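**Student:** My structure is in structure.cif, and what it holds is mmCIF, C-alpha atoms:
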data_protein
loop_
_atom_site.group_PDB
_atom_site.id
_atom_site.type_symbol
_atom_site.label_atom_id
_atom_site.label_comp_id
_atom_site.auth_asym_id
_atom_site.auth_seq_id
_atom_site.Cartn_x
_atom_site.Cartn_y
_atom_site.Cartn_z
ATOM 1 C CA MET A 1 41.232 19.976 175.013
ATOM 2 C CA ILE A 2 43.512 20.905 177.894
ATOM 3 C CA LEU A 3 43.807 24.492 179.189
ATOM 4 C CA LEU A 4 47.020 25.390 180.969
ATOM 5 C CA ILE A 5 47.144 28.723 182.743
ATOM 6 C CA THR A 6 50.904 28.975 182.547
ATOM 7 C CA ALA A 7 53.689 28.594 180.049
ATOM 8 C CA LEU A 8 55.903 26.390 182.238
ATOM 9 C CA LEU A 9 54.692 23.074 180.858
ATOM 10 C CA THR A 10 54.604 24.130 177.210
ATOM 11 C CA MET A 11 57.849 22.494 176.084
ATOM 12 C CA LEU A 12 56.993 19.177 177.730
ATOM 13 C CA LEU A 13 53.630 19.112 176.012
ATOM 14 C CA ILE A 14 55.020 20.057 172.612
ATOM 15 C CA ARG A 15 57.401 17.102 172.875
ATOM 16 C CA ARG A 16 54.348 14.864 173.383
ATOM 17 C CA GLY A 17 53.141 15.867 169.915
ATOM 18 C CA SER A 18 50.054 17.835 170.891
ATOM 19 C CA GLY A 19 48.713 20.911 169.124
ATOM 20 C CA LEU A 20 49.339 24.187 170.921
ATOM 21 C CA ALA A 21 47.539 27.524 170.919
ATOM 22 C CA LYS A 22 48.738 30.573 172.894
ATOM 23 C CA VAL A 23 45.638 32.454 173.993
ATOM 24 C CA THR A 24 47.325 35.673 175.137
ATOM 25 C CA ALA A 25 48.706 36.474 171.674
ATOM 26 C CA TRP A 26 45.531 35.283 169.971
ATOM 27 C CA VAL A 27 43.297 37.607 172.037
ATOM 28 C CA ALA A 28 45.715 40.511 171.538
ATOM 29 C CA ASN A 29 45.567 40.008 167.769
ATOM 30 C CA LEU A 30 41.771 39.859 167.841
ATOM 31 C CA LEU A 31 41.590 43.008 169.958
ATOM 32 C CA GLY A 32 43.852 44.772 167.458
ATOM 33 C CA GLN A 33 41.153 44.250 164.820
ATOM 34 C CA CYS A 34 38.575 46.125 166.920
ATOM 35 C CA PHE A 35 39.875 49.685 166.924
ATOM 36 C CA PRO A 36 37.474 51.996 165.049
ATOM 37 C CA ALA A 37 39.153 54.196 162.448
ATOM 38 C CA GLY A 38 40.864 57.161 164.085
ATOM 39 C CA SER A 39 40.273 55.896 167.636
ATOM 40 C CA ASP A 40 42.783 55.105 170.362
ATOM 41 C CA GLU A 41 40.207 53.002 172.206
ATOM 42 C CA PRO A 42 39.049 49.531 171.150
ATOM 43 C CA ASP A 43 35.385 48.712 170.624
ATOM 44 C CA ALA A 44 34.957 46.364 173.598
ATOM 45 C CA VAL A 45 31.601 44.991 172.428
ATOM 46 C CA ALA A 46 32.946 44.163 168.966
ATOM 47 C CA ALA A 47 36.071 42.601 170.516
ATOM 48 C CA GLU A 48 34.013 40.422 172.865
ATOM 49 C CA GLY A 49 31.880 39.250 169.963
ATOM 50 C CA LEU A 50 34.935 38.460 167.849
ATOM 51 C CA VAL A 51 36.600 36.511 170.678
ATOM 52 C CA ALA A 52 33.388 34.530 171.304
ATOM 53 C CA GLN A 53 33.082 33.786 167.584
ATOM 54 C CA GLU A 54 36.694 32.612 167.316
ATOM 55 C CA ILE A 55 36.445 30.419 170.425
ATOM 56 C CA GLY A 56 33.279 28.895 168.979
ATOM 57 C CA ALA A 57 35.091 28.194 165.699
ATOM 58 C CA LEU A 58 38.018 26.618 167.566
ATOM 59 C CA HIS A 59 35.636 24.440 169.565
ATOM 60 C CA ASP A 60 33.752 23.367 166.436
ATOM 61 C CA TRP A 61 37.022 22.471 164.700
ATOM 62 C CA TYR A 62 38.261 20.544 167.721
ATOM 63 C CA ARG A 63 35.028 18.553 168.083
ATOM 64 C CA GLY A 64 35.274 17.490 164.449
ATOM 65 C CA SER A 65 38.928 16.518 164.729
ATOM 66 C CA ASP A 66 40.815 13.683 166.373
ATOM 67 C CA ALA A 67 43.683 16.048 167.243
ATOM 68 C CA SER A 68 44.961 16.765 170.726
ATOM 69 C CA LEU A 69 44.949 20.461 171.518
ATOM 70 C CA ILE A 70 46.734 22.162 174.379
ATOM 71 C CA VAL A 71 45.805 25.764 175.023
ATOM 72 C CA VAL A 72 48.278 27.866 177.018
ATOM 73 C CA THR A 73 47.313 31.178 178.569
ATOM 74 C CA ASN A 74 48.186 33.539 181.384
ATOM 75 C CA GLU A 75 46.066 34.317 184.442
ATOM 76 C CA VAL A 76 45.375 38.054 184.417
ATOM 77 C CA GLY A 77 42.756 38.506 187.118
ATOM 78 C CA MET A 78 45.084 38.425 190.113
ATOM 79 C CA GLY A 79 47.286 41.344 189.098
ATOM 80 C CA LEU A 80 47.012 45.097 188.979
ATOM 81 C CA VAL A 81 44.301 46.832 187.002
ATOM 82 C CA PRO A 82 45.889 48.341 183.878
ATOM 83 C CA PRO A 83 45.927 52.158 184.032
ATOM 84 C CA TYR A 84 44.796 52.616 180.413
ATOM 85 C CA PRO A 85 41.438 51.657 178.854
ATOM 86 C CA SER A 86 42.754 49.350 176.124
ATOM 87 C CA GLY A 87 44.739 47.410 178.739
ATOM 88 C CA ARG A 88 41.596 46.939 180.830
ATOM 89 C CA VAL A 89 39.649 45.762 177.776
ATOM 90 C CA TYR A 90 42.446 43.294 176.970
ATOM 91 C CA ARG A 91 42.517 41.984 180.540
ATOM 92 C CA ASP A 92 38.744 41.510 180.548
ATOM 93 C CA LEU A 93 38.758 39.826 177.124
ATOM 94 C CA LEU A 94 41.526 37.442 178.107
ATOM 95 C CA GLY A 95 39.691 36.584 181.314
ATOM 96 C CA LEU A 96 36.513 35.919 179.335
ATOM 97 C CA ALA A 97 38.415 33.779 176.819
ATOM 98 C CA ASN A 98 40.029 31.827 179.656
ATOM 99 C CA GLN A 99 36.639 31.198 181.283
ATOM 100 C CA ARG A 100 35.062 29.999 178.048
ATOM 101 C CA LEU A 101 38.016 27.813 177.128
ATOM 102 C CA ALA A 102 38.139 26.328 180.628
ATOM 103 C CA THR A 103 34.444 25.470 180.383
ATOM 104 C CA ILE A 104 34.882 23.476 177.179
ATOM 105 C CA SER A 105 38.232 21.920 178.118
ATOM 106 C CA THR A 106 38.481 18.403 179.489
ATOM 107 C CA GLN A 107 41.378 19.333 181.778
ATOM 108 C CA VAL A 108 42.404 22.700 183.256
ATOM 109 C CA TYR A 109 45.623 23.325 185.183
ATOM 110 C CA VAL A 110 47.084 26.412 186.787
ATOM 111 C CA THR A 111 50.651 26.481 188.041
ATOM 112 C CA PHE A 112 51.597 28.088 191.348
ATOM 113 C CA ALA A 113 55.268 28.094 192.374
ATOM 114 C CA GLY A 114 55.950 25.499 189.681
ATOM 115 C CA ILE A 115 53.294 23.101 190.943
ATOM 116 C CA PRO A 116 50.450 22.277 188.526
ATOM 117 C CA VAL A 117 47.017 22.307 190.168
ATOM 118 C CA ASP A 118 44.079 20.530 188.507
ATOM 119 C CA ILE A 119 41.341 23.168 188.566
ATOM 120 C CA LYS A 120 38.559 20.910 187.316
ATOM 121 C CA ALA A 121 39.278 18.431 190.123
ATOM 122 C CA LEU A 122 38.777 21.277 192.623
ATOM 123 C CA ALA A 123 35.607 22.608 190.997
ATOM 124 C CA ALA A 124 32.394 22.523 192.994
ATOM 125 C CA ARG A 125 30.000 19.992 191.511
ATOM 126 C CA PRO A 126 26.700 20.345 193.367
ATOM 127 C CA TRP A 127 25.046 17.815 191.036
ATOM 128 C CA ALA A 128 27.634 15.075 191.729
ATOM 129 C CA ASP A 129 26.825 12.219 194.076
ATOM 130 C CA ASP A 130 29.112 11.990 197.088
#
If you convert what's in this file into structure tokens, what do you get?

**Tutor:**
Amino acid sequence: MILLITALLTMLLIRRGSGLAKVTAWVANLLGQCFPAGSDEPDAVAAEGLVAQEIGALHDWYRGSDASLIVVTNEVGMGLVPPYPSGRVYRDLLGLANQRLATISTQVYVTFAGIPVDIKALAARPWADD
């Protein structure tokens, strides 16, 4: 599984015949299922549980498949804090989803100024031999 924290490389990867999931829309749809009746605020605990469950299901499916899967998302932790509660819950959920997906992905890239950066290659690995 490859996690891309950008949409710039999406078309190239689709042409290579890989599966594609867009995390930002997926998390938004899951969050939309977590508004208690009559409430303007989402249930953050229920939303976090649902996102964790769905990521687990995706991971289980992927491990049992021989498919290639490319997951595209947006980085939301370097911007402004949303002024409304549901926006903050969404930002936190997407960040959590990105962290979990990055952990189980074999490759993770983020794009800055059009340049893809291999995040896993930069990760600290205190257990690795030098």

**Student:** Could you work out how far CA of Val110 (chain A) lies from CA of Ile70 (chain A), giving the answer in Å with one decimal?

**Tutor:**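 We find that CA of Ile70 (chain A) and CA of Val110 (chain A) lie 13.1 Å from each other.
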
**Student:** Would you mind reading off the distance between CA of Gly95 (chain A) and CA of Leu31 (chain A), one decimal, in Å?

**Tutor:**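 So the answer is 13.2 Å.
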
**Student:** Which one of A:Asp60, A:Asp118, A:Glu41, A:Asp66 sits closest to Gly87 (chain A) if you count only C-alpha atoms?

**Tutor:** A:Glu41

**Student:** Mind telling me what the PyMOL selection byres ((chain A and resi 49) around 12) catches here, as a PyMOL selection string?

**Tutor:** chain A and resi 27+30-31+33-34+43-48+50-56+93+96-97

**Student:** Since we have the selection now, will you write its residues out, keeping C-alpha atoms, as a PDB file, keeping the file's coordinate frame?

**Tutor:**
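Result file part_34.pdb:
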ATOM      1  CA  VAL A  27      43.297  37.607 172.037  1.00  0.00           C
ATOM      2  CA  LEU A  30      41.771  39.859 167.841  1.00  0.00           C
ATOM      3  CA  LEU A  31      41.590  43.008 169.958  1.00  0.00           C
ATOM      4  CA  GLN A  33      41.153  44.250 164.820  1.00  0.00           C
ATOM      5  CA  CYS A  34      38.575  46.125 166.920  1.00  0.00           C
ATOM      6  CA  ASP A  43      35.385  48.712 170.624  1.00  0.00           C
ATOM      7  CA  ALA A  44      34.957  46.364 173.598  1.00  0.00           C
ATOM      8  CA  VAL A  45      31.601  44.991 172.428  1.00  0.00           C
ATOM      9  CA  ALA A  46      32.946  44.163 168.966  1.00  0.00           C
ATOM     10  CA  ALA A  47      36.071  42.601 170.516  1.00  0.00           C
ATOM     11  CA  GLU A  48      34.013  40.422 172.865  1.00  0.00           C
ATOM     12  CA  LEU A  50      34.935  38.460 167.849  1.00  0.00           C
ATOM     13  CA  VAL A  51      36.600  36.511 170.678  1.00  0.00           C
ATOM     14  CA  ALA A  52      33.388  34.530 171.304  1.00  0.00           C
ATOM     15  CA  GLN A  53      33.082  33.786 167.584  1.00  0.00           C
ATOM     16  CA  GLU A  54      36.694  32.612 167.316  1.00  0.00           C
ATOM     17  CA  ILE A  55      36.445  30.419 170.425  1.00  0.00           C
ATOM     18  CA  GLY A  56      33.279  28.895 168.979  1.00  0.00           C
ATOM     19  CA  LEU A  93      38.758  39.826 177.124  1.00  0.00           C
ATOM     20  CA  LEU A  96      36.513  35.919 179.335  1.00  0.00           C
ATOM     21  CA  ALA A  97      38.415  33.779 176.819  1.00  0.00           C
TER      22      ALA A  97
END

**Student:** Compare A:Val71, A:Leu58, A:Leu80, A:Ala25 by their minimum atom-to-atom distance to Val108 (chain A), counting all atoms listed in the file, and give me the closest one.

**Tutor:**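 For Val108 (chain A), the nearest of the candidates is A:Val71.
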
**Student:** List the spatial neighbours of Thr24 (chain A) as JSON, numbers by chain - criterion: any atom at most 9 Å away, all atoms listed in the file, same-chain residues fewer than 2 positions off excluded.

**Tutor:** {"A": [22, 26, 27, 28, 29, 72, 73, 74, 94]}

**Student:** Axis-aligned box over every listed atom of region 103-120 of chain A, padded by 3 Å per side: centre and edges in Å to one decimal, as AutoDock Vina command-line options?

**Tutor:**
--center_x 45.2 --center_y 23.2 --center_z 184.8 --size_x 27.5 --size_y 15.7 --size_z 21.2

**Student:** CA of Pro85 (chain A) to CA of Asp40 (chain A): how many Å, to one decimal?

**Tutor:**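 The value is 9.3 Å.
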
**Student:** My list of candidates is A:Leu69, A:Val76, A:Val89, A:Ala57. Which is closest to Pro42 (chain A) when distances are computed with all atoms listed in the file?

**Tutor:**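 Counting all atoms listed in the file, the residue closest to Pro42 (chain A) is A:Val89.
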
**Student:** I'd like the residues picked by the PyMOL selection byres ((chain A and resi 107) around 12) written out as a ChimeraX atom specification, using the chain letters and numbers from the file.

**Tutor:** /A:1-5,68-72,101-106,108-110,116-123
